[in-house]
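Contents: one structure, followed by commentary.
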Amino acid sequence: MTLEVKNLVKIFDGKKVLDNISFRVESGYTLGVIGFSGSGKSTLLKIISGILYEDEGEIITPKDSEIAMAFQYSALFDFLNVHDNIAFPLVERKDYRKKYSKEQISKIVSEKLKMVGLEGIEEKYPSELSGGMQKRVGFARAIVTNPNIILYDEPTAGLDPVTSTMIEDYIVRLKNELNASCVVVTHQLSTIKRAVDYVIMLYQGRIVFTGSVNELLSGRNEYAKQFVNASIHGPMNIATS
Amino acid sequence: MFELKKTLTYQGYILLWGQIRDFLITLGNIGCDFSRVLKYLLSLRVNIKETIEQSKRFAYDSLPISLTIVGMTSAIIAMQLAPELARQGGGDYTGTLSALVMIRELAPVMSGFAIISMVGSSFASEVASMSVTEQINAMRVLKVDPVEYLIVPRFVAGGLFMPVVFIVSATFGLICAGLVSNWCADLSLLNYITSLWHGLYIRDIFIALLKTSFFGATIALISCSCGYAARGGAKEVGLATTKAVVWSFLAIAFWDFVFASIFYL
Ligand SMILES: Nc1ncnc2c1ncn2[C@@H]1O[C@H](COP(=O)(O)OP(=O)(O)OP(=O)(O)O)[C@@H](O)[C@H]1O
Ligand SMILES: [Mg+2]
């Protein structure tokens with residue numbers, strides 16, 4: 001499913017958080033979005049997923065597209081246990097209701113849990129899990145309906161390197177299996193290298209770099225170079241971001 | 001130099017305007033949520049499982065405090081009324097008066113207050129904390145309408161089960177009043193029950209049931225709506241809860257007035 005974002009503008013309290021953002025993600029590709037904290041990455045994902053409205057511009061997705069999002073802070077339902085969290089869309093969504101039996105749902109849930117490296121925690125509540133585990137449960141919940149446009153908000157932040165690698169591989173595998181278009185917001189170069197096909201970089205609401213991962217790492221773009229080298233000196237100034 | 005922005009009048013005006021704006025926004029939110037709830041009710045799309053869950057909570061959670069408040073109030077009133085009536089030779093009217101006061105006003109309003117403090121506030125803080133932790137956003141991305149999943153079941157539970165709470169606590173209150181009049185004015189229980197019978201009108205009971213149903217649904221709606229509109233963090237959760245409680249009190253007073261004007265004027 002092709003996802004297209006055209007001339008997107010989002011204004012918060014008179015400040016342009018996103019300023020004329022355009023890009024296109026074909027199915028089977030993963031776009032990485034990088035940028036300083038506060039540069040509008042989460043806002044971009046929220047607009048694509050329909051949580052926030054754009055002020056100008058448009059989001060173009062095919063009619064039968066199914067958008068999923070893994071939230072930065074998991075956003076698990078704290079009144080439901082892990083099983084019910086992941087099963088939530090299968091149980092409560094209009095078009096899924098009564099489609100699966102209880103046993104089938106339990107099977108799907110433990111399947112998805114296994115995929116994100118968690119087993120046997122179905123009965124636990126979100127507050128009984130570590131942050132990283134919550135994140136992975138949120139991840140499992142997002143993909144339980146086999147979406148074809150998948151948005152990940154910092155999927156590997158706060159995870160150990162091994163689990164991160166597992167998640168990254170999973171992002172790639174899932175993309176191939178579902179032939180999905182993915183957008184991954186991340187700060188981690190490892191995630192960019194393993195899971196992403198090309199990258200845009202946001203700074204002060206605008207795209208300051210677009211290109212492949214190799215181009216990002218090549219250092220030809222000043223912004224990209226500063227980000228990759230984690231340098232304080234460069235075209236970007238943290239204080240004004 | 002004269003600066004308009006620093007004058008007291010201007011500041012007062014800004015404050016007042018802020019209040020009015022806040023009031024209008026809240027009213028708008030409640031109205032908006034109500035219309036969406038109504039849409040689901042009219043198309044008979046009610047999540048049964050959640051409704052049962054919320055009904056249990058509504059009836060069960062509020063019953064102890066509701067019984068206590070209504071029981072105490074009626075006992076206190078009987079304590080002051082019964083000896084006075086007995087002294088003036090009207091002891092036989094204690095039951096009648098108790099029934100009238102209890103069914104028409106005391107039990108509905110007092111159990112309403114109990115429900116606001118027990119259930120309404122917990123609805124509001126629960127929904128508000130879901131809203132500020134993005135659980136409601138997550139629900140929307142998962143294509144489950146939060147209004148259908150969260151508000152409609154609570155609304156229905158409120159409308160159906162507040163009358164139950166009312167009936168139980170009114171009965172309990174009348175029993176308390178009888179025992180207290182027996183104890184402090186030596187009125188016989190049999191007398192009390194006979195006179196109670198005279199004050200018990202089917203019409204009153206039906207009006208009270210309808211009224212409490214309105215109370216319950218309104219409390220649920222207002223509480224969920226205030227919670228739903230919360231954005232920010234812990235402070236906003238607190239503010240939303242306070243707002244829900246205050247608005248629910250006002251709404252009860254409002255409905256009570258409306259019902260009294262329609263049926264008893
Ligand atoms: N609901 C809101 N109301 C007002 N301003 C907001 C709101 N949400 C975000 N902002 C502002 O928009 C900007 C971008 O926020 P966003 O959460 O998209 O950043 P981000 O790139 O995801 O940062 P991080 O890497 O820290 O997650 C910030 O300056 C933030 O203050
Ligand atoms: Mg973010």
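By convention in this document, the chains of the structure tokens carry letters A, B, ... by their order, each chain's residues are numbered from 1, and ligands are numbered from 1 in the order they are shown.
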Exercise for the section: Kindly work out which residues sit at most 10 Å from ligand 1, using only C-alpha atoms and all ligand atoms, and give the list as JSON, numbers by chain. Expected result: {"A": [10, 11, 12, 13, 14, 15, 16, 17, 18, 33, 34, 35, 36, 37, 38, 39, 40, 41, 42, 43, 44, 45, 46, 47, 52, 72, 73, 153, 154, 185, 186, 187, 202, 203, 204, 205, 241], "B": [231, 232]}
Hey, what's within 10 Å of Gly120 in chain A if we count only C-alpha atoms and toss same-chain stuff fewer than 3 positions away? As an mmCIF file with N, CA, C and O atoms, in the first residue's frame, please?
data_model
loop_
_atom_site.group_PDB
_atom_site.id
_atom_site.type_symbol
_atom_site.label_atom_id
_atom_site.label_comp_id
_atom_site.auth_asym_id
_atom_site.auth_seq_id
_atom_site.Cartn_x
_atom_site.Cartn_y
_atom_site.Cartn_z
ATOM 1 N N VAL A 82 -2.163 -8.638 29.361
ATOM 2 C CA VAL A 82 -1.437 -8.676 28.092
ATOM 3 C C VAL A 82 -2.252 -9.376 27.008
ATOM 4 O O VAL A 82 -2.380 -8.883 25.884
ATOM 5 N N HIS A 83 -2.833 -10.498 27.381
ATOM 6 C CA HIS A 83 -3.638 -11.237 26.403
ATOM 7 C C HIS A 83 -4.751 -10.348 25.837
ATOM 8 O O HIS A 83 -4.910 -10.232 24.624
ATOM 9 N N SER A 110 -0.590 -15.719 21.392
ATOM 10 C CA SER A 110 0.708 -16.258 21.832
ATOM 11 C C SER A 110 1.690 -16.320 20.669
ATOM 12 O O SER A 110 2.894 -16.174 20.858
ATOM 13 N N LEU A 113 3.085 -12.840 20.490
ATOM 14 C CA LEU A 113 3.967 -12.615 21.636
ATOM 15 C C LEU A 113 5.321 -13.287 21.409
ATOM 16 O O LEU A 113 6.369 -12.731 21.709
ATOM 17 N N LYS A 114 5.270 -14.477 20.851
ATOM 18 C CA LYS A 114 6.496 -15.214 20.582
ATOM 19 C C LYS A 114 7.353 -14.435 19.589
ATOM 20 O O LYS A 114 8.571 -14.350 19.719
ATOM 21 N N GLU A 123 -1.120 -13.434 31.214
ATOM 22 C CA GLU A 123 -1.984 -13.056 32.339
ATOM 23 C C GLU A 123 -1.498 -11.811 33.084
ATOM 24 O O GLU A 123 -2.180 -11.312 33.968
ATOM 25 N N LYS A 124 -0.310 -11.355 32.747
ATOM 26 C CA LYS A 124 0.217 -10.203 33.476
ATOM 27 C C LYS A 124 -0.432 -8.902 33.021
ATOM 28 O O LYS A 124 -0.912 -8.790 31.896
#
Practice task
Tell me the residues of chain B close to chain A, meaning within 7 Å using only C-alpha atoms, as a ChimeraX atom specification.
Solution key: /B:133-135,137-138,141-144
Exercise for the section: Please provide as number ranges by chain all residues within 10 Å of range 224-228 of chain A, with the sequence filter that same-chain residues fewer than 3 positions apart are discarded (counting only C-alpha atoms). Expected result: A: 34-36, 187-189, 199-201, 208-211, 215-221, 231-236
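Candidate residues B:Met130, B:Leu209, B:Ala217, B:Met110 were compared for distance to Gly158 in chain B, and the nearest is B:Ala217, using only C-alpha atoms.
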Practice task
From range 55-203 of chain A, collect each residue whose DSSP state is strand (DSSP E or B) and return the set as an MDAnalysis selection string.
Solution key: chainID A and resid 56:60 67:70 149:153 181:185 198:203
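Residues within 7 Å of Ser111 in chain B, counting only C-alpha atoms and excluding same-chain residues fewer than 5 positions away, are Ser66, Val70 and Phe166 of chain B.
You can rank B:Gly233, B:Gly216, B:Gly199, B:Pro153 by their closest distance to Val46 in chain B using only C-alpha atoms, and at the top of that list sits B:Pro153.
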Practice task
Between CA of Leu8 in chain A and CA of Ser22 in chain A, measure the distance and give it in Å to one decimal.
Solution key: 6.4 Å
